[in-house]
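J.: The structure file model-v2.txt (compact mmCIF, C-alpha atoms) is provided below.
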```
# COMPACT_ATOMS: atom_id res chain seq x y z
CA ALA A 1061 86.54 -70.96 83.48
CA MET A 1062 86.94 -74.22 81.60
CA PHE A 1063 88.49 -77.04 83.65
CA ILE A 1064 90.98 -79.25 81.82
CA LYS A 1065 91.39 -82.64 83.41
CA LYS A 1066 94.98 -83.83 83.74
CA ASP A 1067 95.86 -87.24 82.32
CA LEU A 1068 96.58 -89.31 85.43
CA ARG A 1069 98.45 -92.03 83.54
CA LYS A 1070 102.25 -92.19 83.83
CA ILE A 1071 104.53 -91.42 80.90
CA PRO A 1072 105.23 -95.11 79.98
CA ALA A 1073 101.49 -95.85 79.79
CA ILE A 1074 100.77 -92.74 77.72
CA VAL A 1075 103.50 -93.51 75.19
CA SER A 1076 102.51 -97.19 75.03
CA ASP A 1077 98.87 -96.34 74.36
CA LEU A 1078 99.85 -93.90 71.61
CA GLN A 1079 101.75 -96.68 69.84
CA SER A 1080 98.85 -99.13 69.80
CA PRO A 1081 97.24 -100.00 66.43
CA HIS A 1082 93.98 -98.29 67.43
CA ALA A 1083 95.57 -95.20 68.95
CA ASP A 1084 94.52 -92.95 66.07
CA ASN A 1085 90.98 -92.65 67.45
CA ASP A 1086 89.26 -92.68 70.79
CA GLY A 1087 87.23 -95.80 70.14
CA GLY A 1088 84.24 -93.85 68.87
CA GLY A 1089 85.83 -93.05 65.55
CA LYS A 1090 86.95 -89.57 66.58
CA LYS A 1091 90.48 -88.46 65.90
CA LYS A 1092 92.56 -88.19 69.07
CA SER A 1093 94.20 -84.93 70.10
CA SER A 1094 97.39 -83.99 68.28
CA THR A 1095 98.83 -82.56 71.53
CA LEU A 1096 101.03 -84.60 73.87
CA ASP A 1097 100.76 -82.77 77.20
CA LEU A 1098 103.41 -83.89 79.69
CA SER A 1099 103.60 -80.60 81.59
CA ARG A 1100 104.19 -80.34 85.36
CA ARG A 1101 105.55 -83.89 85.76
CA GLN A 1102 108.68 -83.13 87.77
CA ALA A 1103 108.68 -86.40 89.71
CA GLU A 1104 108.31 -88.54 86.59
CA PHE A 1105 111.02 -86.84 84.56
CA GLY A 1106 113.54 -86.65 87.38
CA GLY A 1107 115.30 -83.81 85.59
CA SER A 1108 115.88 -85.58 82.27
CA ILE A 1109 113.90 -85.81 79.05
CA ALA A 1110 115.17 -89.40 78.79
CA ALA A 1111 112.06 -90.40 80.75
CA LEU A 1112 110.21 -89.69 77.49
CA THR A 1113 112.77 -90.30 74.75
CA GLY A 1114 113.79 -93.63 76.29
CA ARG A 1115 110.22 -94.85 75.80
CA LEU A 1116 109.85 -93.77 72.19
CA PRO A 1117 110.02 -96.35 69.35
CA PRO A 1118 112.88 -96.20 66.80
CA SER A 1119 110.36 -95.37 64.07
CA PRO A 1120 106.94 -93.66 64.10
CA SER A 1121 103.94 -95.76 65.03
CA GLY A 1122 100.28 -95.32 65.95
CA ALA A 1123 99.08 -91.88 66.99
CA LEU A 1124 102.66 -90.76 67.62
CA ARG A 1125 102.78 -90.06 63.88
CA ASP A 1126 100.18 -87.30 64.30
CA ILE A 1127 101.51 -85.50 67.39
CA SER A 1128 102.07 -81.87 66.35
CA THR A 1129 102.42 -80.21 69.78
CA LEU A 1130 104.58 -81.37 72.70
CA ASN A 1131 104.10 -79.59 76.03
CA LEU A 1132 106.85 -80.12 78.64
CA TYR A 1133 106.19 -76.94 80.60
CA ALA A 1134 107.46 -76.80 84.20
CA SER A 1135 108.48 -80.45 84.37
CA GLY A 1136 111.73 -79.86 86.26
CA LEU A 1137 113.92 -80.65 83.25
CA THR A 1138 117.59 -79.80 83.68
CA ASP A 1139 118.84 -81.39 80.46
CA LEU A 1140 117.51 -82.25 77.02
CA ASN A 1141 120.07 -84.91 76.15
CA SER A 1142 118.65 -87.34 73.54
CA VAL A 1143 116.05 -84.75 72.47
CA GLU A 1144 116.94 -85.50 68.84
CA LYS A 1145 114.98 -88.76 69.13
CA LEU A 1146 111.79 -86.72 69.04
CA ALA A 1147 112.46 -85.80 65.41
CA VAL A 1148 112.21 -89.48 64.42
CA ALA A 1149 109.42 -90.70 66.69
CA LEU A 1150 107.20 -87.60 66.26
CA PRO A 1151 107.53 -86.74 62.54
CA SER A 1152 104.62 -84.26 62.54
CA LEU A 1153 105.96 -82.20 65.46
CA GLU A 1154 105.46 -78.48 64.84
CA SER A 1155 105.38 -76.88 68.30
CA VAL A 1156 107.48 -77.57 71.42
CA HIS A 1157 106.87 -75.94 74.81
CA ILE A 1158 109.77 -76.27 77.26
CA GLY A 1159 109.22 -73.10 79.30
CA GLY A 1160 109.58 -73.06 83.05
CA ASN A 1161 112.36 -75.67 83.13
CA PRO A 1162 115.79 -74.79 84.66
CA LEU A 1163 117.71 -75.93 81.59
CA GLY A 1164 120.47 -73.32 81.35
CA GLU A 1165 121.04 -74.32 77.72
CA ILE A 1166 119.45 -76.11 74.80
CA PRO A 1167 121.78 -78.73 73.25
CA ASP A 1168 122.79 -78.86 69.61
CA GLY A 1169 120.75 -82.05 69.25
CA PHE A 1170 117.62 -79.90 69.33
CA GLY A 1171 118.61 -78.81 65.83
CA ALA A 1172 117.26 -82.12 64.52
CA LEU A 1173 113.75 -80.90 65.37
CA VAL A 1174 114.35 -77.51 63.77
CA HIS A 1175 115.60 -79.08 60.56
CA ALA A 1176 112.69 -81.54 60.56
CA GLY A 1177 110.18 -78.70 60.26
CA LEU A 1178 109.56 -77.29 63.75
CA LEU A 1179 107.44 -74.14 63.53
CA GLU A 1180 107.27 -72.95 67.16
CA LEU A 1181 109.63 -73.05 70.14
CA TRP A 1182 108.45 -71.75 73.50
CA ALA A 1183 111.38 -71.57 75.94
CA GLU A 1184 110.47 -68.94 78.51
CA ASP A 1185 112.09 -68.82 81.95
CA CYS A 1186 114.66 -71.54 81.24
CA GLY A 1187 117.79 -69.73 82.50
CA LEU A 1188 119.23 -69.55 78.98
CA ARG A 1189 122.34 -67.36 78.76
CA GLU A 1190 122.50 -67.32 74.97
CA ILE A 1191 120.30 -67.92 71.95
CA PRO A 1192 120.79 -71.66 71.22
CA ARG A 1193 123.33 -72.33 68.46
CA CYS A 1194 121.06 -75.01 67.04
CA LEU A 1195 118.66 -72.30 65.87
CA THR A 1196 121.15 -70.87 63.36
CA ASP A 1197 119.44 -70.64 59.99
CA GLY A 1198 121.98 -72.89 58.26
CA GLY A 1199 121.25 -72.04 54.65
CA GLY A 1200 117.52 -71.44 54.86
CA VAL A 1201 116.50 -74.99 55.81
CA SER A 1202 114.59 -73.88 58.92
CA ALA A 1203 110.86 -73.16 58.84
CA LEU A 1204 110.73 -71.77 62.40
CA ARG A 1205 108.06 -69.08 62.70
CA VAL A 1206 107.72 -68.46 66.44
CA LEU A 1207 110.59 -68.18 68.94
CA ARG A 1208 109.79 -67.16 72.50
CA LEU A 1209 112.77 -66.67 74.83
CA THR A 1210 111.06 -64.46 77.40
CA GLY A 1211 112.46 -64.27 80.94
CA ASN A 1212 115.86 -65.85 80.39
CA ALA A 1213 119.38 -64.55 81.12
CA LEU A 1214 120.30 -63.24 77.67
CA CYS A 1215 122.65 -60.24 77.81
CA GLY A 1216 124.85 -58.09 75.59
CA ASP A 1217 123.81 -57.10 72.10
CA LEU A 1218 123.29 -60.68 70.80
CA GLY A 1219 125.66 -59.92 67.93
CA ASP A 1220 128.42 -61.88 66.18
CA GLY A 1221 130.63 -61.83 69.26
CA CYS A 1222 128.15 -63.70 71.43
CA ALA A 1223 128.67 -67.33 72.43
CA GLY A 1224 125.38 -68.58 71.00
CA CYS A 1225 123.48 -67.89 67.80
CA PRO A 1226 123.71 -64.20 66.79
CA VAL A 1227 120.26 -62.69 66.45
CA GLY A 1228 121.04 -61.89 62.82
CA SER A 1229 121.64 -65.58 62.08
CA LEU A 1230 118.19 -66.68 63.19
CA PRO A 1231 115.92 -68.14 60.49
CA ARG A 1232 114.51 -65.64 58.01
CA SER A 1233 111.22 -67.53 58.35
CA LEU A 1234 110.66 -66.06 61.84
CA GLN A 1235 107.40 -64.14 62.24
CA THR A 1236 107.34 -63.76 66.05
CA LEU A 1237 110.43 -63.16 68.21
CA ALA A 1238 110.06 -62.61 71.96
CA LEU A 1239 113.19 -61.52 73.85
CA ASP A 1240 111.43 -59.62 76.63
CA ARG A 1241 112.43 -59.79 80.31
CA ASN A 1242 116.11 -60.48 79.64
CA SER A 1243 119.16 -58.21 80.06
CA VAL A 1244 119.79 -57.36 76.40
CA GLY A 1245 121.67 -54.07 76.07
CA PRO A 1246 122.86 -51.42 75.96
CA SER A 1247 121.83 -51.99 72.34
CA VAL A 1248 120.82 -54.94 70.21
CA SER A 1249 122.81 -56.08 67.19
CA ALA A 1250 122.04 -54.46 63.85
CA GLY A 1251 121.64 -58.02 62.60
CA ILE A 1252 118.08 -57.94 63.88
CA GLY A 1253 117.25 -55.87 60.81
CA SER A 1254 117.91 -58.90 58.60
CA LEU A 1255 114.84 -60.65 60.02
CA THR A 1256 112.65 -59.03 57.39
CA GLY A 1257 109.76 -61.45 57.85
CA LEU A 1258 109.15 -60.48 61.48
CA GLU A 1259 105.60 -59.47 62.29
CA VAL A 1260 105.86 -59.34 66.10
CA LEU A 1261 108.96 -58.29 68.08
CA HIS A 1262 109.06 -58.19 71.89
CA LEU A 1263 112.01 -56.41 73.54
CA ARG A 1264 110.21 -55.17 76.65
CA GLY A 1265 111.97 -55.18 80.00
CA ASN A 1266 115.62 -55.30 78.91
CA ALA A 1267 118.55 -52.90 79.40
CA LEU A 1268 118.32 -51.13 76.05
CA GLU A 1269 119.63 -47.57 75.87
CA ALA A 1270 119.64 -47.30 72.07
CA LEU A 1271 118.44 -49.19 68.99
CA PRO A 1272 120.19 -49.62 65.62
CA ASP A 1273 118.57 -47.70 62.77
CA VAL A 1274 117.77 -50.86 60.80
CA PHE A 1275 113.97 -51.00 60.68
CA CYS A 1276 113.67 -49.74 57.10
CA GLY A 1277 113.59 -53.29 55.69
CA MET A 1278 111.08 -54.66 58.22
CA ALA A 1279 107.99 -53.96 56.15
CA SER A 1280 106.01 -56.83 57.73
CA LEU A 1281 106.48 -55.70 61.35
CA SER A 1282 103.07 -55.01 62.87
CA VAL A 1283 103.63 -55.18 66.67
CA LEU A 1284 106.70 -53.76 68.43
CA HIS A 1285 107.12 -53.81 72.23
CA LEU A 1286 109.98 -51.65 73.58
CA SER A 1287 108.55 -50.61 76.95
CA SER A 1288 110.43 -50.71 80.27
CA ASN A 1289 113.91 -50.10 78.89
CA ARG A 1290 116.27 -47.10 79.11
CA LEU A 1291 115.82 -45.69 75.62
CA THR A 1292 116.50 -41.98 75.17
CA ALA A 1293 115.61 -41.92 71.46
CA LEU A 1294 113.92 -44.05 68.81
CA PRO A 1295 115.43 -44.74 65.36
CA SER A 1296 114.03 -42.70 62.50
CA SER A 1297 113.59 -45.87 60.41
CA LEU A 1298 110.59 -46.84 62.56
CA ALA A 1299 108.61 -44.55 60.28
CA ASP A 1300 109.39 -47.00 57.45
CA CYS A 1301 107.59 -49.90 59.17
CA VAL A 1302 104.52 -49.47 56.97
CA SER A 1303 102.63 -52.41 58.52
CA LEU A 1304 103.05 -51.24 62.13
CA THR A 1305 99.75 -51.34 64.00
CA GLU A 1306 100.93 -51.38 67.65
CA LEU A 1307 103.95 -49.58 69.13
CA TYR A 1308 104.71 -49.66 72.86
CA VAL A 1309 107.54 -47.45 74.18
CA ASN A 1310 106.19 -46.58 77.63
CA GLY A 1311 108.51 -46.53 80.62
CA ASN A 1312 111.68 -45.33 78.92
CA ALA A 1313 113.62 -42.03 78.99
CA LEU A 1314 112.55 -40.64 75.61
CA VAL A 1315 112.85 -36.87 75.26
CA ALA A 1316 111.35 -36.72 71.77
CA LEU A 1317 109.60 -38.88 69.17
CA PRO A 1318 111.13 -39.62 65.76
CA PRO A 1319 109.66 -37.75 62.80
CA GLY A 1320 107.29 -39.55 60.49
CA LEU A 1321 105.19 -41.58 62.93
CA GLU A 1322 102.10 -39.81 61.60
CA ARG A 1323 102.77 -41.47 58.23
CA LEU A 1324 102.11 -44.93 59.70
CA LYS A 1325 98.60 -45.26 58.32
CA ASN A 1326 97.95 -48.61 60.02
CA LEU A 1327 99.00 -47.45 63.51
CA THR A 1328 96.08 -47.97 65.90
CA ILE A 1329 97.86 -48.25 69.28
CA PHE A 1330 100.76 -46.03 70.37
CA CYS A 1331 101.69 -46.11 74.06
CA ALA A 1332 104.41 -43.68 75.13
CA GLN A 1333 103.49 -42.94 78.74
CA ASP A 1334 106.06 -42.26 81.46
CA ASN A 1335 108.88 -40.84 79.39
CA ARG A 1336 110.45 -37.34 79.26
CA ILE A 1337 108.85 -36.08 76.05
CA GLU A 1338 108.69 -32.28 76.14
CA GLU A 1339 107.24 -31.41 72.75
CA LEU A 1340 105.53 -32.88 69.69
CA ASP A 1341 106.07 -31.87 66.09
CA GLU A 1342 103.22 -30.27 64.16
CA GLU A 1343 102.81 -33.24 61.82
CA PHE A 1344 102.21 -35.58 64.75
CA ILE A 1345 99.69 -33.16 66.26
CA GLY A 1346 98.07 -32.74 62.86
CA ARG A 1347 97.08 -36.40 62.75
CA PHE A 1348 96.69 -37.39 66.40
CA GLY A 1349 96.03 -34.11 68.21
CA ARG A 1350 97.44 -32.83 71.51
CA PRO A 1351 97.44 -34.92 74.70
CA GLU A 1352 94.49 -34.35 77.03
CA GLY A 1353 93.48 -35.46 80.51
CA GLU A 1354 95.36 -37.54 83.07
CA ASP A 1355 96.14 -40.32 80.60
CA GLY A 1356 97.49 -37.88 78.01
CA ALA A 1357 95.25 -39.28 75.28
CA CYS A 1358 95.46 -37.77 71.79
CA ARG A 1359 91.94 -38.08 70.37
CA LYS A 1360 92.00 -36.42 66.97
CA ASP A 1361 92.30 -39.71 65.04
CA PRO A 1362 89.26 -41.80 66.12
CA GLU A 1363 90.88 -44.96 64.76
CA ALA A 1364 94.02 -44.65 66.92
CA SER A 1365 94.64 -44.96 70.67
CA VAL A 1366 97.56 -42.65 71.47
CA LEU A 1367 98.60 -42.25 75.12
CA LEU A 1368 101.26 -39.80 76.33
CA GLY A 1369 100.48 -39.49 80.04
CA GLY A 1370 103.39 -39.10 82.43
CA ASN A 1371 105.37 -36.86 80.06
CA PRO A 1372 106.09 -33.12 80.43
CA VAL A 1373 104.23 -32.53 77.16
CA ALA A 1374 101.04 -33.92 78.71
```
Turn this file's structure into structure tokens for me.

T.:
Amino acid sequence: AMFIKKDLRKIPAIVSDLQSPHADNDGGGKKKSSTLDLSRRQAEFGGSIAALTGRLPPSPSGALRDISTLNLYASGLTDLNSVEKLAVALPSLESVHIGGNPLGEIPDGFGALVHAGLLELWAEDCGLREIPRCLTDGGGVSALRVLRLTGNALCGDLGDGCAGCPVGSLPRSLQTLALDRNSVGPSVSAGIGSLTGLEVLHLRGNALEALPDVFCGMASLSVLHLSSNRLTALPSSLADCVSLTELYVNGNALVALPPGLERLKNLTIFCAQDNRIEELDEEFIGRFGRPEGEDGACRKDPEASVLLGGNPVA
């Protein structure tokens, strides 16, 4: 495995060096990294991002102008007050990683980064109880493509009645949305169907018992994770997700599969193990075949991996 050496300098020294006139290269003419990695610095931050923002200049300078990725993973942050200063001092910022910090919430000031062109937000395991209000699309000005909120404390259906940003008000620019390992349920708001640009959707490990039948407009969706929920049925509109290549529904309580899955020409992985599926329709069997062996693999389509083990039908 490749060993990555941690920068042993303290935050003030790192920021000071990045502001120097020669900070754009490493002295040998090579461009310096565009990543500012300040992860796992609990003692230095002391719970607050002010340990960084208080050191930033009022306007961009040196290599700070070229920082595109900021990693604050597991740095013991409990608040992001003054985070809006990052939008000024780091004008090229595209990706922010704040996972593994016990934040509880993300302040509205974070919206300054979103409106300045942020493309990715990684906020896993932060104790968030709602989708941050600052992520509301706000008239299409956001360019956010990746939003990862895995392992938080989100609950309910994330609809218009929630305290934070309703899922249907997230930016239409989103391509990847990860809401796995939360407590979303017993359903998710139909507003999720308005995110028509989504390519990857993770809803694994929630409390979902049903899904709204709103997938007909999600023509770009290629990967859908629904495993480890309490689903008893899947919406028929899944058959309209023409770009779907991977579908994971294992570990639910499904008694049947929706018609039309065999029409998904791009489907190469379908995992539906450990459900209660008792029978398959003839069209499904016609394309994929009948389950065989302990893993319940359907082997008729050599281009597709279809697993139905742990079901009565297998």

J.: If you measure from CA of Arg1208 in chain A to CA of Leu1255 in chain A, what distance in Å do you get, rounded to one decimal?

T.: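 Going from CA of Arg1208 in chain A over to CA of Leu1255 in chain A covers 15.0 Å.
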
J.: Return the single residue from A:Gly1257, A:Gly1349, A:Pro1318, A:Pro1118 that is closest to Gln1235 in chain A, with distances computed using all atoms listed in the file.

T.: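 That would be A:Gly1257, the residue with the smallest distance to Gln1235 in chain A.
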
J.: Taking 2 positions as the minimum chain separation for residues in the same chain, which residues sit within 12 Å of range 1267-1271 of chain A when counting only C-alpha atoms? Answer as a PyMOL selection string.

T.: chain A and resi 1213-1218+1239-1253+1263-1265+1273-1275+1286-1298+1309+1311-1314

J.: What is the CA of Pro1120 in chain A-CA of Pro1231 in chain A distance in Å, reported with one decimal?

T.: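 CA of Pro1231 in chain A lies 27.3 Å from CA of Pro1120 in chain A.
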
J.: CA of Ser1121 in chain A and CA of Leu1096 in chain A are how many Å apart?

T.: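 CA of Ser1121 in chain A sits 14.5 Å away from CA of Leu1096 in chain A.
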
J.: What are the centre and the three edge lengths of an axis-aligned box that wraps all atoms of range 1063-1080 of chain A in the file, given that 4 Å is added to every side, written as lines of an AutoDock Vina configuration file and rounded to one decimal in Å?

T.:
```
center_x = 96.9
center_y = -88.1
center_z = 77.6
size_x = 24.7
size_y = 30.1
size_z = 23.6
```

J.: Find the residue from A:His1262, A:Arg1069, A:Arg1125, A:Arg1347 that sits nearest to Ala1147 in chain A; use only C-alpha atoms when measuring.

T.: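 Going through A:His1262, A:Arg1069, A:Arg1125, A:Arg1347 one by one, the smallest distance to Ala1147 in chain A is for A:Arg1125.
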
J.: Could you list, as a PyMOL selection string, every residue within 7 Å of Gly1136 in chain A, counting all atoms listed in the file and ignoring same-chain residues fewer than 2 positions away?

T.: chain A and resi 1102+1107+1134+1138+1161-1162

J.: Neighbouring residues of Leu1209 in chain A were defined as those with any atom within 9 Å, considering all atoms listed in the file; residues of the same chain fewer than 6 positions away were excluded. Please report them as a ChimeraX atom specification.

T.: /A:1159,1181-1186,1188,1191,1237-1242

J.: Looking at all atoms listed in the file, which of A:Val1373, A:Met1278, A:Ala1110, A:Leu1179 is the one that sits closest to Ala1357 in chain A?

T.: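 Once distances to Ala1357 in chain A are computed over all atoms listed in the file, the minimum belongs to A:Val1373.
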
J.: Counting only C-alpha atoms, what is within 12 Å of Val1283 in chain A, bar same-chain residues fewer than 6 positions away, as a PyMOL selection string?

T.: chain A and resi 1235-1238+1258-1264+1298+1301-1309+1326-1331

J.: Go through A:Gly1106, A:Gly1169, A:Pro1151, A:Gly1177 and flag the residue nearest Ser1094 in chain A, using only C-alpha atoms for the distances.

T.: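 Checking each of A:Gly1106, A:Gly1169, A:Pro1151, A:Gly1177 against Ser1094 in chain A, counting only C-alpha atoms, the winner is A:Pro1151.
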
J.: So, counting all atoms listed in the file, which residue among A:Gly1370, A:Gly1346, A:Gly1122, A:Pro1192 is closest to Ala1223 in chain A?

T.: A:Pro1192

J.: Go through A:Glu1104, A:Asp1097, A:Asp1220, A:Asp1355 one by one, measure the shortest atom-to-atom distance of each to Leu1130 in chain A using only C-alpha atoms, and give the residue with the smallest value.

T.: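 So, comparing all the options, the nearest one is A:Asp1097.
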
J.: Give me the residues near Leu1068 in chain A as an mmCIF file with C-alpha atoms, keeping the file's coordinate frame, where near means some atom within 12 Å (using all atoms listed in the file) and where sequence neighbours in that chain fewer than 2 positions away do not count.

T.:
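result-v5.cif was written with the following content:
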```cif
data_model
loop_
_atom_site.group_PDB
_atom_site.id
_atom_site.type_symbol
_atom_site.label_atom_id
_atom_site.label_comp_id
_atom_site.auth_asym_id
_atom_site.auth_seq_id
_atom_site.Cartn_x
_atom_site.Cartn_y
_atom_site.Cartn_z
ATOM 1 C CA LYS A 1065 91.390 -82.640 83.410
ATOM 2 C CA LYS A 1066 94.980 -83.830 83.740
ATOM 3 C CA LYS A 1070 102.250 -92.190 83.830
ATOM 4 C CA ILE A 1071 104.530 -91.420 80.900
ATOM 5 C CA PRO A 1072 105.230 -95.110 79.980
ATOM 6 C CA ALA A 1073 101.490 -95.850 79.790
ATOM 7 C CA ILE A 1074 100.770 -92.740 77.720
ATOM 8 C CA ASP A 1097 100.760 -82.770 77.200
ATOM 9 C CA LEU A 1098 103.410 -83.890 79.690
ATOM 10 C CA SER A 1099 103.600 -80.600 81.590
ATOM 11 C CA ARG A 1100 104.190 -80.340 85.360
ATOM 12 C CA ARG A 1101 105.550 -83.890 85.760
ATOM 13 C CA GLU A 1104 108.310 -88.540 86.590
#
```
